[in-house]
Each structure stands twice: as structure tokens, then as C-alpha cells.
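Report on the following structure.
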Amino acid sequence: METAIKVEGITKSYGSCVALKGVSFDVERGELFGLIGPDGAGKTSLFRILATLLLADEGTAQLNGMDVVRDYQRIRRDVGYMPGRFSLYQDLSVEENLSFFASLFGVDMERNKHFIEDIYSQIEPFKHRRAGKLSGGMKQKLALSCALIHKPDILFLDEPTTGVDPVSRKEFWQMLRNLREQGITIVVSTPIMDEARQCDRIAFINHGKIHGIDTPERILQEFASILCPPSLEREEVQHAMAPVIEVEQLTKCFGNFTAVDHISFQVNRGEIFGFLGANGAGKTTAMRMLCGLSKPTSGVGKVAGFDISREAEQVKKHIGYMSQKFSLYEDLKVWENIRLFAGIYGMKEKDIEQKTDELLERLGFSAERNTL
């Protein structure tokens with residue numbers, strides 16, 4: 001088989017942190033190749049080097065015989081890259097995003113649409129909707145369409161299904177198999193073992209090193225203790241206290257679209273309560289109403305005894321909210337982020353420093369307190 005990607009001795013450091021340590025591997029043309037490993041293993045750094053967005057400190061990499069440093073302009077014409085974070089422009093519509101990416105690569109969107117017909121046909125009914133208003137699965141299909149509009153030979157996908165529901169994940173991987181049949185070489189990273197099994201071969205990367213490359217079955221068996229840990233177990237707990245959240249017929253409409261349709265439930269104090277559902281089911285909209293960030297169209301909701309419609313500011317003072325999107329400030333250090341949020345919640349200045357140190361210690365972040 002012909003080699004599409006050849007990586008030899010790639011090393012990358014960020015100050016004292018070594019992200020990649022002598023990484024070497026080959027990917028055959030038309031192969032669906034997987035990278036698996038925990039957060040911080042070096043997957044994204046490797047993707048960015050191969051996509052010519054980051055320079056390695058040592059080592060070489062070739063794509064279709066072209067060097068990632070010397071021939072970066074030619075490589076960018078031949079490669080599609082879908083980064084781990086949402087890569088679209090949220091204020092642009094589906095069609096505007098696709099047109100923009102086509103213009104970046106100097107291709108005609110209408111002429112090239114047939115390359116992505118199987119994928120784009122699923123999101124075309126929403127072509128005038130802003131990308132930021134799409135469900136998680138739809139966003140990923142649009143991002144994949146944008147990465148493919150110039151018909152690349154090689155496709156890099158960095159954890160493309162994170163946050164996507166099981167049905168959309170299944171559809172997404174069927175799309176990847178179809179692309180492989182068209183001869184496109186695909187390199188994908190994933191933390192999900194069922195997805196890793198869909199690859200022809202996988203490489204297990206941890207602490208910046210490749211520890212093994214083989215078929216999914218052999219790698220998952222060899223590193224089972226790391227990659228396939230025991231599942232979480234649930235303890236049965238009885239809650240006899242009064243509910244701390246009460247919802248009756250809660251509804252939220254956006255124009256003619258009903259996002260949350262007359263839901264009712266209660267959550268007891270000290271309980272772990274879950275919303276389970278597909279992308280677009282209404283989970284985030286329900287969360288935002290409970291947090292006082294979005295006013296219901298109708299219905300009643302109380303959180304910690306406060307009405308979510310009339311007493312939203314009181315609700316906010318009694319809750320913590322971790323949104324789906326990354327909610328931190330990347331140009332602030334760890335301790336600075338904590339102090340900022342403490343101030344937002346109205347904590348007293350004399351308590352903030354002490355509780356910041358206590359929290360850093362409890363979370364095991366003391367060594368990272370000055371990291372951005």
C-alpha cells in the first residue's frame with residue numbers, strides 16, 4: 001500500500017511541558033486511522049503539526065510526499081481539518097459558513113456541493129439557520145461539510161463527536177466510512193471505544209508517546225486497564241427532604257418552534273438528577289430557564305424557593321452553572337478565573353483568597369495555579 005502520512009520523531013514542548021516525545025507512525029492511503037488517548041496525551045498538538053498550523057521542535061512529517069514545513073501551502077490545499085472546538089462562525093447561517101470555507105480554498109461552492117451531497121442533504125433544510133442555533137449533531141455535520149468542500153485527499157478530525165448524541169454519532173461514523181470508500185485518508189481522534197473499533201488501525205498515545213499501533217481489538221485488549229476502566233456504579237440513596245427544584249408545565253418557544261414543551265418534575269435536595277436526550281431535545285434550553293438565564297414562555301419553575309421568572313437574580317445567587325461550552329477566560333490563570341467567578345457571585349474579598357487556595361488544593365490544581 002502507498003503511504004499517505006509519514007511521521008518520524010516528532011517532538012513538541014511548551015516551556016517545561018513536553019507534549020510530544022519522538023512520535024513516529026505511518027498511515028496508508030485510503031486508511032481510517034485512529035488516535036486514542038486521555039486528555040493531555042498530545043493528540044491535538046499532533047493534529048495541528050500535521051495540519052501545518054504548528055511547528056514541531058524536532059522530527060519530520062510528510063503528507064502525500066510533501067513536507068509539512070517546506071510545502072505547507074500545497075498541503076493546505078490537499079488537507080481538510082476539523083478541530084476539536086467548534087470551528088464555525090456562529091453568527092453566519094449554514095449556507096454562509098459553507099460559502100465562506102469554499103472561498104477560503106478558492107473553489108465554487110455550488111460546483112463542489114456534489115462532493116458532500118450525502119452529508120449536506122441532512123442539514124440543507126436548515127441552510128438559513130445560524131450555525132450557533134444548530135443542535136450538536138447538526139453543527140458537526142456542517143463542520144465536516146466545510147472541511148470537505150474543497151475535496152481534500154486527507155482529512156484530520158479531532159474528537160469530532162464530543163457532545164454529540166448516540167444517534168448522530170452513528171450517522172457521523174457512517175459518513176466517515178463512505179468517505180473512506182471514496183479513497184480519502186482519514187485520521188481521527190476519539191475517547192470513545194466504540195468509535196475506536198470503527199478504525200482500520202489505532203495508535204494509543206499517552207503522555208506524548210505512542211505506546212502501540214495495531215488493530216483496535218489488539219490495542220484495546222493490550223491497554224484494557226487504561227482504555228476500558230470499570231464503568232461507574234450507582235449507589236441507591238433515599239431522599240426524604242422537600243424538593244429544591246419544582247417545575248410545572250414549563251414551556252419555551254422560539255417563534256413557531258417549541259424547544260421545551262410543558263415539562264414537569266421535582267428534584268430533591270442532595271439528589272443527582274439527569275436530563276437524558278438527543279441533541280436538540282431541549283436539555284440546554286431547560287437548563288437555561290432553571291438558571292434564570294432564559295425566561296419561560298409559560299409554566300412555573302422554582303429553584304431554591306425562588307421563582308425563575310420573577311426572581312431570576314436570587315436564583316443566580318444560589319446556584320452554580322457549568323455551561324456546555326467552555327466558560328472560562330483563556331488569558332487568565334487558573335487562580336484568576338476562580339477569583340473572578342468568586343467576585344461575580346458576590347463573595348467577600350477576605351474570603352476569596354482563602355477559599356481559592358482551599359479549592360485549588362481540593363481539586364489537585366495547586367501546581368497549576370499559575371497556568372493559563
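To be explicit about the labels: the chains of the C-alpha cells are called A, B, and onward in the order shown, and within each one the residues are counted from 1, while ligands get numbers from 1 in the order they are shown.
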- Which residues come within 10 Å of Glu181 (chain A), counting only C-alpha atoms, excluding same-chain residues fewer than 4 positions away, as a list of chain:residue names? A:Gly30, A:Glu31, A:Leu32, A:Met175, A:Leu176, A:Arg177, A:Thr185
- Skip Met287 (chain A) itself and residues of its chain fewer than 4 positions away, then list as a list in words all residues within 12 Å of it, counting only C-alpha atoms.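 Contacts, in chain order: Ile245, Val247, Leu250, Lys252, Ala259, Val260, Phe273, Gly274, Phe275, Ala281, Gly282, Lys283, Cys291, Gly292, Leu293, Ser294, Lys295, Pro296, Gly301, Val303, Ile308, Ile319, Gly320, Tyr321, Met322, Ser323 and Gln324 of chain A.
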Writing out the chosen residues with N, CA, C and O atoms as a compact mmCIF listing (two decimals), in the first residue's frame:
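The result, stored in part13.txt:
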# COMPACT_ATOMS: atom_id res chain seq x y z
N ILE A 245 -35.99 21.90 43.63
CA ILE A 245 -36.40 22.37 42.31
C ILE A 245 -37.80 21.82 42.03
O ILE A 245 -38.04 20.62 42.18
N VAL A 247 -40.86 22.11 39.01
CA VAL A 247 -41.21 22.58 37.66
C VAL A 247 -42.58 22.05 37.29
O VAL A 247 -42.85 20.85 37.42
N LEU A 250 -43.55 23.64 32.33
CA LEU A 250 -42.60 24.64 31.84
C LEU A 250 -42.46 24.52 30.31
O LEU A 250 -42.23 23.44 29.78
N LYS A 252 -40.99 26.62 26.60
CA LYS A 252 -40.21 27.69 25.96
C LYS A 252 -40.35 27.58 24.45
O LYS A 252 -40.06 26.53 23.86
N ALA A 259 -39.21 24.58 21.92
CA ALA A 259 -37.98 23.89 22.33
C ALA A 259 -38.22 23.02 23.56
O ALA A 259 -37.67 21.93 23.69
N VAL A 260 -39.02 23.52 24.50
CA VAL A 260 -39.37 22.77 25.71
C VAL A 260 -40.90 22.80 25.81
O VAL A 260 -41.51 23.87 25.80
N PHE A 273 -29.69 14.57 39.61
CA PHE A 273 -30.82 14.43 38.69
C PHE A 273 -30.32 14.63 37.27
O PHE A 273 -29.58 15.58 36.99
N GLY A 274 -30.67 13.75 36.36
CA GLY A 274 -30.14 13.82 34.99
C GLY A 274 -31.18 14.11 33.93
O GLY A 274 -32.32 13.66 34.02
N PHE A 275 -30.77 14.90 32.92
CA PHE A 275 -31.56 15.06 31.69
C PHE A 275 -30.90 14.16 30.63
O PHE A 275 -29.71 14.33 30.33
N ALA A 281 -33.05 18.12 21.89
CA ALA A 281 -34.23 17.65 22.63
C ALA A 281 -34.79 18.73 23.56
O ALA A 281 -35.95 18.65 23.95
N GLY A 282 -33.96 19.72 23.92
CA GLY A 282 -34.42 20.79 24.81
C GLY A 282 -33.69 20.84 26.14
O GLY A 282 -34.05 21.63 27.02
N LYS A 283 -32.63 20.03 26.31
CA LYS A 283 -31.93 19.97 27.59
C LYS A 283 -31.32 21.31 27.98
O LYS A 283 -31.51 21.80 29.09
N CYS A 291 -31.75 28.26 35.42
CA CYS A 291 -30.69 29.13 35.93
C CYS A 291 -31.07 30.60 35.89
O CYS A 291 -30.26 31.46 36.27
N GLY A 292 -32.26 30.91 35.40
CA GLY A 292 -32.69 32.29 35.32
C GLY A 292 -32.08 33.06 34.17
O GLY A 292 -32.09 34.29 34.15
N LEU A 293 -31.53 32.34 33.19
CA LEU A 293 -30.89 32.97 32.03
C LEU A 293 -31.83 33.12 30.84
O LEU A 293 -31.53 33.85 29.91
N SER A 294 -32.95 32.41 30.87
CA SER A 294 -33.92 32.47 29.78
C SER A 294 -35.32 32.43 30.40
O SER A 294 -35.60 31.54 31.22
N LYS A 295 -36.17 33.35 30.01
CA LYS A 295 -37.50 33.44 30.61
C LYS A 295 -38.45 32.46 29.93
O LYS A 295 -38.53 32.41 28.71
N PRO A 296 -39.19 31.66 30.71
CA PRO A 296 -40.14 30.71 30.12
C PRO A 296 -41.25 31.42 29.35
O PRO A 296 -41.63 32.54 29.68
N GLY A 301 -41.64 27.58 37.49
CA GLY A 301 -40.45 26.89 37.97
C GLY A 301 -39.89 27.57 39.20
O GLY A 301 -39.85 28.81 39.26
N VAL A 303 -36.50 27.38 41.95
CA VAL A 303 -35.19 26.84 42.27
C VAL A 303 -34.75 27.45 43.60
O VAL A 303 -34.72 28.68 43.74
N ILE A 308 -38.28 31.31 38.96
CA ILE A 308 -37.28 31.53 37.91
C ILE A 308 -37.67 32.67 36.97
O ILE A 308 -36.80 33.21 36.26
N ILE A 319 -27.06 29.22 42.94
CA ILE A 319 -26.71 28.08 42.08
C ILE A 319 -25.29 28.21 41.55
O ILE A 319 -24.69 29.28 41.57
N GLY A 320 -24.75 27.10 41.07
CA GLY A 320 -23.55 27.08 40.24
C GLY A 320 -23.96 26.56 38.88
O GLY A 320 -24.81 25.67 38.78
N TYR A 321 -23.41 27.11 37.82
CA TYR A 321 -23.79 26.70 36.47
C TYR A 321 -22.55 26.48 35.62
O TYR A 321 -21.73 27.39 35.45
N MET A 322 -22.39 25.27 35.10
CA MET A 322 -21.29 24.94 34.20
C MET A 322 -21.91 24.70 32.83
O MET A 322 -22.57 23.69 32.60
N SER A 323 -21.74 25.65 31.93
CA SER A 323 -22.38 25.56 30.62
C SER A 323 -21.68 24.52 29.75
O SER A 323 -20.56 24.10 30.03
N GLN A 324 -22.35 24.13 28.66
CA GLN A 324 -21.79 23.11 27.77
C GLN A 324 -20.54 23.62 27.08
O GLN A 324 -19.57 22.90 26.90
- Task: From region 85-266 of chain A, collect each residue whose DSSP state is strand (DSSP E or B) and return the set as JSON, numbers by chain.
- Result: {"A": [93, 130, 154, 155, 156, 157, 158, 185, 186, 187, 188, 189, 201, 202, 203, 204, 205, 206, 209, 210, 211, 212, 213, 214, 243, 244, 245, 246, 247, 248, 249, 250, 251, 252, 253, 254, 257, 258, 259, 260, 261, 262, 263, 264, 265, 266]}
- Message: Show me, as a PyMOL selection string, the residues that have an atom within 9 Å of region 43-60 of chain A when counting only C-alpha atoms, minus same-chain residues fewer than 2 positions from it.
- Response: chain A and resi 5-13+19-20+22-24+35-41+62-63+67-69+72-73+75-76+79-81+83-84+156-158+187+189+205-206+208
- Message: I'd like the neighbourhood of Met241 (chain A) as a VMD selection string, where a residue qualifies if any of its atoms comes within 9 Å (using only C-alpha atoms), though same-chain residues fewer than 6 positions away should be ignored.
- Response: chain A and resid 268 to 270
Could the residues in this selection be saved with N, CA, C and O atoms as a JSON list (two decimals), in the first residue's frame?
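Output file again.json is given in full below:
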[["chain", "number", "residue", "atom", "x", "y", "z"],
["A", 268, "ASN", "N", -35.09, 16.59, 44.53],
["A", 268, "ASN", "CA", -34.90, 16.69, 45.98],
["A", 268, "ASN", "C", -33.51, 17.22, 46.32],
["A", 268, "ASN", "O", -32.56, 17.07, 45.55],
["A", 269, "ARG", "N", -33.40, 17.83, 47.49],
["A", 269, "ARG", "CA", -32.10, 18.32, 47.96],
["A", 269, "ARG", "C", -31.13, 17.15, 48.09],
["A", 269, "ARG", "O", -31.47, 16.09, 48.59],
["A", 270, "GLY", "N", -29.90, 17.35, 47.62],
["A", 270, "GLY", "CA", -28.87, 16.31, 47.72],
["A", 270, "GLY", "C", -28.96, 15.25, 46.65],
["A", 270, "GLY", "O", -28.21, 14.27, 46.68]]
Contacts of Gly299 (chain A) at 10 Å or less, counting only C-alpha atoms, minus same-chain residues fewer than 6 places along, as a PDB file with all heavy atoms, in the first residue's frame?
ATOM      1  N   VAL A 247     -40.863  22.112  39.007  1.00  0.00           N
ATOM      2  CA  VAL A 247     -41.207  22.582  37.661  1.00  0.00           C
ATOM      3  C   VAL A 247     -42.583  22.054  37.289  1.00  0.00           C
ATOM      4  O   VAL A 247     -42.852  20.855  37.418  1.00  0.00           O
ATOM      5  CB  VAL A 247     -40.155  22.105  36.636  1.00  0.00           C
ATOM      6  CG1 VAL A 247     -40.605  22.411  35.212  1.00  0.00           C
ATOM      7  CG2 VAL A 247     -38.801  22.743  36.924  1.00  0.00           C
ATOM      8  N   GLU A 248     -43.445  22.949  36.812  1.00  0.00           N
ATOM      9  CA  GLU A 248     -44.794  22.557  36.394  1.00  0.00           C
ATOM     10  C   GLU A 248     -45.109  23.165  35.028  1.00  0.00           C
ATOM     11  O   GLU A 248     -45.103  24.385  34.864  1.00  0.00           O
ATOM     12  CB  GLU A 248     -45.841  23.024  37.410  1.00  0.00           C
ATOM     13  CG  GLU A 248     -45.758  22.322  38.756  1.00  0.00           C
ATOM     14  CD  GLU A 248     -46.863  22.764  39.699  1.00  0.00           C
ATOM     15  OE1 GLU A 248     -47.829  23.406  39.228  1.00  0.00           O
ATOM     16  OE2 GLU A 248     -46.751  22.489  40.900  1.00  0.00           O
ATOM     17  N   GLN A 249     -45.316  22.292  34.046  1.00  0.00           N
ATOM     18  CA  GLN A 249     -45.750  22.690  32.703  1.00  0.00           C
ATOM     19  C   GLN A 249     -44.837  23.760  32.095  1.00  0.00           C
ATOM     20  O   GLN A 249     -45.285  24.670  31.383  1.00  0.00           O
ATOM     21  CB  GLN A 249     -47.195  23.201  32.744  1.00  0.00           C
ATOM     22  CG  GLN A 249     -48.218  22.195  33.261  1.00  0.00           C
ATOM     23  CD  GLN A 249     -48.337  20.995  32.327  1.00  0.00           C
ATOM     24  OE1 GLN A 249     -48.514  21.142  31.125  1.00  0.00           O
ATOM     25  NE2 GLN A 249     -48.236  19.788  32.891  1.00  0.00           N
ATOM     26  N   LEU A 250     -43.554  23.635  32.325  1.00  0.00           N
ATOM     27  CA  LEU A 250     -42.599  24.641  31.836  1.00  0.00           C
ATOM     28  C   LEU A 250     -42.463  24.525  30.315  1.00  0.00           C
ATOM     29  O   LEU A 250     -42.229  23.438  29.780  1.00  0.00           O
ATOM     30  CB  LEU A 250     -41.241  24.435  32.511  1.00  0.00           C
ATOM     31  CG  LEU A 250     -40.266  25.606  32.469  1.00  0.00           C
ATOM     32  CD1 LEU A 250     -40.841  26.809  33.219  1.00  0.00           C
ATOM     33  CD2 LEU A 250     -38.923  25.202  33.079  1.00  0.00           C
ATOM     34  N   THR A 251     -42.583  25.662  29.634  1.00  0.00           N
ATOM     35  CA  THR A 251     -42.575  25.686  28.168  1.00  0.00           C
ATOM     36  C   THR A 251     -41.725  26.851  27.680  1.00  0.00           C
ATOM     37  O   THR A 251     -41.716  27.930  28.273  1.00  0.00           O
ATOM     38  CB  THR A 251     -44.015  25.850  27.624  1.00  0.00           C
ATOM     39  OG1 THR A 251     -44.814  24.771  28.102  1.00  0.00           O
ATOM     40  CG2 THR A 251     -44.040  25.867  26.104  1.00  0.00           C
ATOM     41  N   LYS A 252     -40.990  26.619  26.595  1.00  0.00           N
ATOM     42  CA  LYS A 252     -40.210  27.685  25.962  1.00  0.00           C
ATOM     43  C   LYS A 252     -40.354  27.583  24.453  1.00  0.00           C
ATOM     44  O   LYS A 252     -40.058  26.535  23.857  1.00  0.00           O
ATOM     45  CB  LYS A 252     -38.733  27.589  26.346  1.00  0.00           C
ATOM     46  CG  LYS A 252     -37.863  28.673  25.717  1.00  0.00           C
ATOM     47  CD  LYS A 252     -38.185  30.053  26.236  1.00  0.00           C
ATOM     48  CE  LYS A 252     -37.293  31.122  25.636  1.00  0.00           C
ATOM     49  NZ  LYS A 252     -37.583  32.467  26.174  1.00  0.00           N
ATOM     50  N   ASP A 261     -41.494  21.616  25.921  1.00  0.00           N
ATOM     51  CA  ASP A 261     -42.948  21.503  25.755  1.00  0.00           C
ATOM     52  C   ASP A 261     -43.617  20.956  27.016  1.00  0.00           C
ATOM     53  O   ASP A 261     -43.718  19.750  27.223  1.00  0.00           O
ATOM     54  CB  ASP A 261     -43.240  20.588  24.559  1.00  0.00           C
ATOM     55  CG  ASP A 261     -44.690  20.627  24.121  1.00  0.00           C
ATOM     56  OD1 ASP A 261     -45.480  21.365  24.740  1.00  0.00           O
ATOM     57  OD2 ASP A 261     -45.035  19.913  23.160  1.00  0.00           O
ATOM     58  N   HIS A 262     -44.035  21.877  27.928  1.00  0.00           N
ATOM     59  CA  HIS A 262     -44.834  21.527  29.102  1.00  0.00           C
ATOM     60  C   HIS A 262     -44.209  20.401  29.946  1.00  0.00           C
ATOM     61  O   HIS A 262     -44.810  19.351  30.154  1.00  0.00           O
ATOM     62  CB  HIS A 262     -46.256  21.130  28.687  1.00  0.00           C
ATOM     63  CG  HIS A 262     -47.023  22.239  28.041  1.00  0.00           C
ATOM     64  ND1 HIS A 262     -46.949  22.487  26.676  1.00  0.00           N
ATOM     65  CD2 HIS A 262     -47.865  23.175  28.560  1.00  0.00           C
ATOM     66  CE1 HIS A 262     -47.730  23.528  26.394  1.00  0.00           C
ATOM     67  NE2 HIS A 262     -48.295  23.968  27.507  1.00  0.00           N
ATOM     68  N   ILE A 263     -42.962  20.623  30.395  1.00  0.00           N
ATOM     69  CA  ILE A 263     -42.304  19.611  31.226  1.00  0.00           C
ATOM     70  C   ILE A 263     -42.596  19.876  32.702  1.00  0.00           C
ATOM     71  O   ILE A 263     -42.725  21.020  33.139  1.00  0.00           O
ATOM     72  CB  ILE A 263     -40.773  19.557  30.977  1.00  0.00           C
ATOM     73  CG1 ILE A 263     -40.110  20.893  31.347  1.00  0.00           C
ATOM     74  CG2 ILE A 263     -40.478  19.185  29.532  1.00  0.00           C
ATOM     75  CD1 ILE A 263     -38.589  20.839  31.299  1.00  0.00           C
ATOM     76  N   SER A 264     -42.710  18.804  33.481  1.00  0.00           N
ATOM     77  CA  SER A 264     -42.966  18.895  34.922  1.00  0.00           C
ATOM     78  C   SER A 264     -42.103  17.867  35.646  1.00  0.00           C
ATOM     79  O   SER A 264     -42.026  16.708  35.222  1.00  0.00           O
ATOM     80  CB  SER A 264     -44.448  18.630  35.231  1.00  0.00           C
ATOM     81  OG  SER A 264     -45.295  19.562  34.581  1.00  0.00           O
ATOM     82  N   SER A 309     -38.932  33.052  36.946  1.00  0.00           N
ATOM     83  CA  SER A 309     -39.362  34.169  36.094  1.00  0.00           C
ATOM     84  C   SER A 309     -39.260  35.503  36.811  1.00  0.00           C
ATOM     85  O   SER A 309     -38.753  36.483  36.278  1.00  0.00           O
ATOM     86  CB  SER A 309     -40.801  33.959  35.624  1.00  0.00           C
ATOM     87  OG  SER A 309     -40.912  32.813  34.802  1.00  0.00           O
TER      88      SER A 309
END
- Write out as a ChimeraX atom specification all residues of region 150-286 of chain A that DSSP puts in helix (DSSP H, G or I) for this structure's backbone. /A:166-181,193-196,216-222,224-227,283-286
- Item | Pick from A:Thr356, A:Ser366, A:Thr285, A:Ser103, whichever lies nearest to Glu336 (chain A) using only C-alpha atoms |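 Looking at the shortest contact to Glu336 (chain A), the residue is A:Thr356.
Comparing A:Val164, A:Met109, A:Leu142, A:Met66 by their smallest distance to Ser87 (chain A), the closest is A:Leu142 (using only C-alpha atoms).
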- Query: Looking at only C-alpha atoms, which of A:Pro191, A:Gly132, A:Gly343, A:Pro216 is the one that sits closest to Ala203 (chain A)?
  - Reply: A:Pro216
- Message: Please list as a ChimeraX atom specification every residue within 12 Å of Arg111 (chain A), counting only C-alpha atoms and excluding residues in the same chain fewer than 3 positions away.
- Response: /A:99,102,106-108,114-117,149-151
With C-alpha atoms retained, export the selected residues as a PDB file, in the first residue's frame.
ATOM      1  CA  SER A  99     -19.737  29.516   1.150  1.00  0.00           C
ATOM      2  CA  ALA A 102     -15.322  27.354  -0.132  1.00  0.00           C
ATOM      3  CA  GLY A 106     -10.773  29.140  -3.913  1.00  0.00           C
ATOM      4  CA  VAL A 107     -13.475  26.708  -5.042  1.00  0.00           C
ATOM      5  CA  ASP A 108     -17.027  27.245  -6.223  1.00  0.00           C
ATOM      6  CA  HIS A 114     -21.969  17.147  -5.042  1.00  0.00           C
ATOM      7  CA  PHE A 115     -18.810  16.094  -3.148  1.00  0.00           C
ATOM      8  CA  ILE A 116     -20.688  16.474   0.140  1.00  0.00           C
ATOM      9  CA  GLU A 117     -24.225  15.721  -1.041  1.00  0.00           C
ATOM     10  CA  ILE A 149     -15.947  21.385   0.407  1.00  0.00           C
ATOM     11  CA  HIS A 150     -12.575  21.601  -1.400  1.00  0.00           C
ATOM     12  CA  LYS A 151     -12.400  17.777  -1.819  1.00  0.00           C
TER      13      LYS A 151
END
